[in-house]
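Chemist: protein_9.cif is reproduced below (mmCIF, C-alpha atoms and all ligand atoms).
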```cif
data_protein
#
loop_
_atom_site.group_PDB
_atom_site.id
_atom_site.type_symbol
_atom_site.label_atom_id
_atom_site.label_comp_id
_atom_site.auth_asym_id
_atom_site.auth_seq_id
_atom_site.Cartn_x
_atom_site.Cartn_y
_atom_site.Cartn_z
ATOM 1 C CA MET A 1 -26.270 134.572 -172.497
ATOM 2 C CA ASN A 2 -29.335 135.755 -174.348
ATOM 3 C CA ARG A 3 -32.483 134.903 -172.385
ATOM 4 C CA LEU A 4 -34.317 133.115 -175.219
ATOM 5 C CA LYS A 5 -31.180 131.161 -176.040
ATOM 6 C CA GLU A 6 -30.879 130.143 -172.394
ATOM 7 C CA ILE A 7 -34.499 128.931 -172.261
ATOM 8 C CA LYS A 8 -34.015 127.004 -175.505
ATOM 9 C CA GLN A 9 -30.950 125.328 -174.055
ATOM 10 C CA LEU A 10 -32.802 124.424 -170.835
ATOM 11 C CA LYS A 11 -35.592 122.846 -172.884
ATOM 12 C CA GLU A 12 -33.042 120.746 -174.748
ATOM 13 C CA LEU A 13 -31.292 119.690 -171.547
ATOM 14 C CA ALA A 14 -34.570 118.642 -169.880
ATOM 15 C CA GLU A 15 -35.197 116.412 -172.890
ATOM 16 C CA LYS A 16 -31.627 115.105 -173.089
ATOM 17 C CA TYR A 17 -31.568 114.087 -169.420
ATOM 18 C CA ARG A 18 -35.168 112.840 -169.551
ATOM 19 C CA LEU A 19 -36.007 114.764 -166.391
ATOM 20 C CA ASP A 20 -39.144 113.943 -164.429
ATOM 21 C CA GLY A 21 -42.074 116.265 -165.060
ATOM 22 C CA ARG A 22 -40.509 117.820 -168.189
ATOM 23 C CA GLU A 23 -43.867 117.583 -170.054
ATOM 24 C CA ILE A 24 -44.936 120.699 -168.163
ATOM 25 C CA ILE A 25 -42.550 122.790 -170.305
ATOM 26 C CA GLU A 26 -44.496 122.082 -173.499
ATOM 27 C CA LYS A 27 -47.543 123.936 -172.209
ATOM 28 C CA TYR A 28 -45.827 127.296 -172.579
ATOM 29 C CA ASN A 29 -44.338 129.387 -175.351
ATOM 30 C CA MET A 30 -40.840 130.863 -175.143
ATOM 31 C CA GLN A 31 -42.000 134.259 -173.947
ATOM 32 C CA GLU A 32 -44.062 132.735 -171.151
ATOM 33 C CA LEU A 33 -41.172 130.505 -170.137
ATOM 34 C CA CYS A 34 -38.927 133.574 -169.913
ATOM 35 C CA SER A 35 -41.379 135.206 -167.519
ATOM 36 C CA ILE A 36 -41.928 132.111 -165.408
ATOM 37 C CA TYR A 37 -38.326 131.012 -165.115
ATOM 38 C CA ASN A 38 -36.567 133.351 -162.736
ATOM 39 C CA GLY A 39 -33.239 131.662 -162.110
ATOM 40 C CA ILE A 40 -33.130 129.225 -159.240
ATOM 41 C CA GLY A 41 -35.652 129.086 -156.450
ATOM 42 C CA PRO A 42 -39.051 130.617 -155.826
ATOM 43 C CA ASP A 43 -39.510 134.382 -155.563
ATOM 44 C CA ALA A 44 -40.097 134.125 -151.836
ATOM 45 C CA PHE A 45 -36.489 133.006 -151.395
ATOM 46 C CA PRO A 46 -33.906 135.494 -150.168
ATOM 47 C CA GLU A 47 -31.911 136.979 -153.019
ATOM 48 C CA TRP A 48 -28.517 135.986 -151.579
ATOM 49 C CA LEU A 49 -29.514 132.340 -151.441
ATOM 50 C CA ARG A 50 -30.767 132.339 -155.033
ATOM 51 C CA LYS A 51 -27.583 133.976 -156.266
ATOM 52 C CA GLY A 52 -25.378 131.608 -154.293
ATOM 53 C CA ILE A 53 -27.083 128.552 -155.693
ATOM 54 C CA SER A 54 -27.077 129.894 -159.256
ATOM 55 C CA ALA A 55 -23.367 130.654 -159.120
ATOM 56 C CA LEU A 56 -22.355 127.410 -157.393
ATOM 57 C CA ASN A 57 -24.539 125.090 -159.401
ATOM 58 C CA PRO A 58 -25.170 126.213 -162.977
ATOM 59 C CA SER A 59 -25.890 122.588 -163.909
ATOM 60 C CA LEU A 60 -28.928 122.638 -161.606
ATOM 61 C CA ALA A 61 -30.510 125.451 -163.648
ATOM 62 C CA VAL A 62 -32.494 122.990 -165.761
ATOM 63 C CA VAL A 63 -33.802 121.341 -162.581
ATOM 64 C CA ALA A 64 -34.877 124.723 -161.237
ATOM 65 C CA PHE A 65 -36.500 125.470 -164.600
ATOM 66 C CA ILE A 66 -39.046 122.651 -164.156
ATOM 67 C CA HIS A 67 -39.374 123.467 -160.459
ATOM 68 C CA ASP A 68 -40.211 127.113 -161.260
ATOM 69 C CA ILE A 69 -42.932 126.134 -163.735
ATOM 70 C CA GLU A 70 -44.432 123.819 -161.127
ATOM 71 C CA TRP A 71 -44.454 126.695 -158.633
ATOM 72 C CA HIS A 72 -46.070 128.926 -161.231
ATOM 73 C CA GLU A 73 -48.851 126.313 -161.548
ATOM 74 C CA SER A 74 -49.029 125.713 -157.783
ATOM 75 C CA ASP A 75 -52.399 124.557 -156.466
ATOM 76 C CA GLY A 76 -51.344 125.649 -152.984
ATOM 77 C CA GLY A 77 -51.605 122.073 -151.700
ATOM 78 C CA MET A 78 -49.107 120.294 -149.451
ATOM 79 C CA GLU A 79 -48.995 117.121 -151.531
ATOM 80 C CA ALA A 80 -47.942 118.816 -154.770
ATOM 81 C CA PHE A 81 -45.505 120.980 -152.780
ATOM 82 C CA THR A 82 -43.679 117.960 -151.414
ATOM 83 C CA ALA A 83 -43.792 116.210 -154.805
ATOM 84 C CA SER A 84 -42.248 119.257 -156.497
ATOM 85 C CA ASN A 85 -39.404 119.457 -153.984
ATOM 86 C CA ASP A 86 -38.803 115.704 -154.164
ATOM 87 C CA ARG A 87 -38.620 116.043 -157.932
ATOM 88 C CA PHE A 88 -35.961 118.719 -157.547
ATOM 89 C CA ARG A 89 -33.767 116.211 -155.735
ATOM 90 C CA THR A 90 -34.485 113.337 -158.149
ATOM 91 C CA ASN A 91 -33.814 115.510 -161.192
ATOM 92 C CA GLY A 92 -30.731 116.996 -159.556
ATOM 93 C CA PHE A 93 -29.334 113.496 -159.130
ATOM 94 C CA LYS A 94 -30.096 112.731 -162.783
ATOM 95 C CA VAL A 95 -28.193 115.806 -163.941
ATOM 96 C CA ALA A 96 -25.291 115.120 -161.555
ATOM 97 C CA ASP A 97 -24.956 111.563 -162.870
ATOM 98 C CA ALA A 98 -25.407 112.472 -166.533
ATOM 99 C CA GLU A 99 -22.801 115.235 -166.487
ATOM 100 C CA ASN A 100 -20.124 113.620 -164.312
ATOM 101 C CA ALA A 101 -18.398 110.257 -164.124
ATOM 102 C CA TRP A 102 -19.042 108.240 -160.974
ATOM 103 C CA TRP A 103 -15.514 108.827 -159.753
ATOM 104 C CA SER A 104 -15.740 112.587 -160.196
ATOM 105 C CA PRO A 105 -16.075 114.505 -156.911
ATOM 106 C CA ARG A 106 -18.246 116.954 -158.817
ATOM 107 C CA ARG A 107 -20.938 114.301 -159.244
ATOM 108 C CA TRP A 108 -21.276 113.946 -155.490
ATOM 109 C CA MET A 109 -21.068 117.656 -154.917
ATOM 110 C CA VAL A 110 -23.929 118.381 -157.342
ATOM 111 C CA ARG A 111 -25.979 115.546 -155.809
ATOM 112 C CA HIS A 112 -25.336 116.941 -152.360
ATOM 113 C CA GLN A 113 -26.364 120.454 -153.433
ATOM 114 C CA ALA A 114 -29.536 119.173 -155.128
ATOM 115 C CA ALA A 115 -30.573 117.355 -151.952
ATOM 116 C CA LYS A 116 -29.764 120.405 -149.874
ATOM 117 C CA PHE A 117 -31.747 122.728 -152.090
ATOM 118 C CA ALA A 118 -34.764 120.377 -152.102
ATOM 119 C CA ARG A 119 -34.592 120.369 -148.306
ATOM 120 C CA LEU A 120 -34.395 124.176 -148.120
ATOM 121 C CA CYS A 121 -37.389 124.502 -150.438
ATOM 122 C CA GLN A 122 -39.381 122.095 -148.298
ATOM 123 C CA LYS A 123 -38.427 123.948 -145.148
ATOM 124 C CA PHE A 124 -38.715 127.562 -146.255
ATOM 125 C CA GLY A 125 -40.711 127.514 -149.497
ATOM 126 C CA TRP A 126 -44.226 126.994 -148.214
ATOM 127 C CA ARG A 127 -45.126 130.677 -148.117
ATOM 128 C CA GLY A 128 -44.050 131.090 -151.739
ATOM 129 C CA TRP A 129 -45.863 127.942 -152.840
ATOM 130 C CA SER A 130 -49.120 128.815 -151.090
ATOM 131 C CA SER A 131 -49.265 132.473 -152.155
ATOM 132 C CA PRO A 132 -50.224 133.704 -155.657
ATOM 133 C CA CYS A 133 -47.486 133.536 -158.291
ATOM 134 C CA LYS A 134 -46.103 136.968 -159.161
ATOM 135 C CA CYS A 135 -44.488 136.212 -162.511
ATOM 136 C CA ALA A 136 -45.299 138.423 -165.523
ATOM 137 C CA VAL A 137 -47.656 135.809 -167.001
ATOM 138 C CA CYS A 138 -49.721 135.660 -163.805
ATOM 139 C CA ARG A 139 -49.672 139.431 -163.303
ATOM 140 C CA LYS A 140 -50.954 139.978 -166.839
ATOM 141 C CA LYS A 141 -53.677 137.396 -166.351
ATOM 142 C CA ALA A 142 -54.762 139.029 -163.079
ATOM 143 C CA GLU A 143 -54.960 142.436 -164.824
ATOM 144 C CA LYS A 144 -57.051 140.993 -167.633
ATOM 145 C CA ASP A 145 -59.398 139.260 -165.184
ATOM 146 C CA ALA A 146 -59.843 142.532 -163.295
ATOM 147 C CA GLU A 147 -60.595 144.335 -166.573
ATOM 148 C CA ILE A 148 -63.226 141.777 -167.570
ATOM 149 C CA ALA A 149 -64.793 141.979 -164.116
ATOM 150 C CA ALA A 150 -64.921 145.789 -164.368
ATOM 151 C CA GLU A 151 -66.495 145.622 -167.834
ATOM 152 C CA GLN A 152 -69.110 143.191 -166.623
ATOM 153 C CA GLN A 153 -69.955 145.509 -163.775
ATOM 154 C CA VAL A 154 -70.387 148.426 -166.179
ATOM 155 C CA SER A 155 -72.619 146.420 -168.526
ATOM 156 C CA GLN A 156 -74.777 145.316 -165.634
ATOM 157 C CA GLN A 157 -75.485 148.887 -164.579
HETATM 158 ZN ZN ZN B 1 -46.832 132.635 -162.658
#
```
Please lay out the structure from this file as structure tokens.

Modeler:
Amino acid sequence: MNRLKEIKQLKELAEKYRLDGREIIEKYNMQELCSIYNGIGPDAFPEWLRKGISALNPSLAVVAFIHDIEWHESDGGMEAFTASNDRFRTNGFKVADAENAWWSPRRWMVRHQAAKFARLCQKFGWRGWSSPCKCAVCRKKAEKDAEIAAEQQVSQQ
């Protein structure tokens, strides 16, 4: 699927399922969202794990979408870290329930996977959360800041 189309669909799903923390999406334009959203899981996660989760649980993509934006905005604090991972589980449950009837085994499977992924993030995600975001938006901002700093140095000489 086209990347912009995918982001647009995720935005709609977040709204449709009334996911917790979805207001964060509105702060960014489509291009920024494309750069920030990198599939499922933070960059610090091993590639095989990200791929496995993406393939097994496409319905959790919208949950990861919000989670990724929160990690992009990370303040590096423990409290927000735990809140973000808890929200992954809560939102995962919402999606599981909205997309599947209560008697469907899939509902319980998606719930189980959401809880598992939240747990993995809490256990292994700290390094990613507490280190600077490396998405294109953040890289560009860092370059610009460095440029401004260099210009200021020149003008002071
Ligand atoms: Zn970023």

Chemist: Might you spell out which residues the PyMOL selection byres (((not hetatm)) within 12 of (chain B and resi 1)) would select in the displayed file, as a PyMOL selection string?

Modeler: chain A and resi 28+32-38+42-43+68-75+128-129+131-142

Chemist: Which residues of segment 40-137 of chain A come within 12 Å of segment 2-16 of chain A, and for each one, what is the closest pair of atoms and their distance in Å to one decimal, counting all atoms listed in the file, sorted by chain and residue number, as a tab-separated table?

Modeler:
```
residue	atom	partner	partner_atom	distance
A:Pro58	CA	A:Leu10	CA	11.1
A:Ser59	CA	A:Leu13	CA	9.8
A:Leu60	CA	A:Leu10	CA	10.2
A:Ala61	CA	A:Leu10	CA	7.6
A:Val62	CA	A:Leu10	CA	5.3
A:Val63	CA	A:Ala14	CA	7.8
A:Ala64	CA	A:Leu10	CA	9.8
A:Phe65	CA	A:Leu10	CA	7.3
A:Ile66	CA	A:Ala14	CA	8.3
A:His67	CA	A:Ala14	CA	11.6
A:Asn91	CA	A:Ala14	CA	9.3
A:Gly92	CA	A:Ala14	CA	11.1
A:Lys94	CA	A:Ala14	CA	10.3
A:Val95	CA	A:Leu13	CA	9.1
A:Ala98	CA	A:Lys16	CA	9.4
A:Glu99	CA	A:Leu13	CA	10.8
```

Chemist: Between atom CA of Phe88 of chain A and atom CA of Ala118 of chain A, measure the distance and give it in Å to one decimal.

Modeler: 5.8 Å

Chemist: Just give me the gap between atom CA of Arg111 of chain A and atom CA of Ala96 of chain A in Å, one decimal is fine.

Modeler: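 Separating atom CA of Arg111 of chain A from atom CA of Ala96 of chain A is a distance of 5.8 Å.
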
Chemist: In terms of the shortest atom-to-atom distance over only C-alpha atoms, which of A:Phe81, A:Trp103, A:Phe93, A:Tyr17 is closest to Lys116 of chain A?

Modeler: A:Phe93

Chemist: Atom CA of Gln122 of chain A and atom CA of Arg106 of chain A are how many Å apart?

Modeler: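 Between these atoms lies a distance of 24.2 Å.
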
Chemist: What's the 9 Å shell around Met78 of chain A, counting all atoms listed in the file, without same-chain residues fewer than 5 positions away, as a compact mmCIF listing (two decimals) with C-alpha atoms, in the coordinates of the input?

Modeler:
```txt
# COMPACT_ATOMS: atom_id res chain seq x y z
CA ALA A 83 -43.79 116.21 -154.80
CA TRP A 126 -44.23 126.99 -148.21
CA TRP A 129 -45.86 127.94 -152.84
CA SER A 130 -49.12 128.82 -151.09
```

Chemist: Produce the centre coordinates and the three edge lengths, each in Å to one decimal, of the box along x, y and z that contains all listed atoms of segment 73-79 of chain A with 4 Å added on each side, as lines of an AutoDock Vina configuration file.

Modeler:
```
center_x = -50.6
center_y = 121.7
center_z = -155.5
size_x = 11.5
size_y = 17.2
size_z = 20.1
```
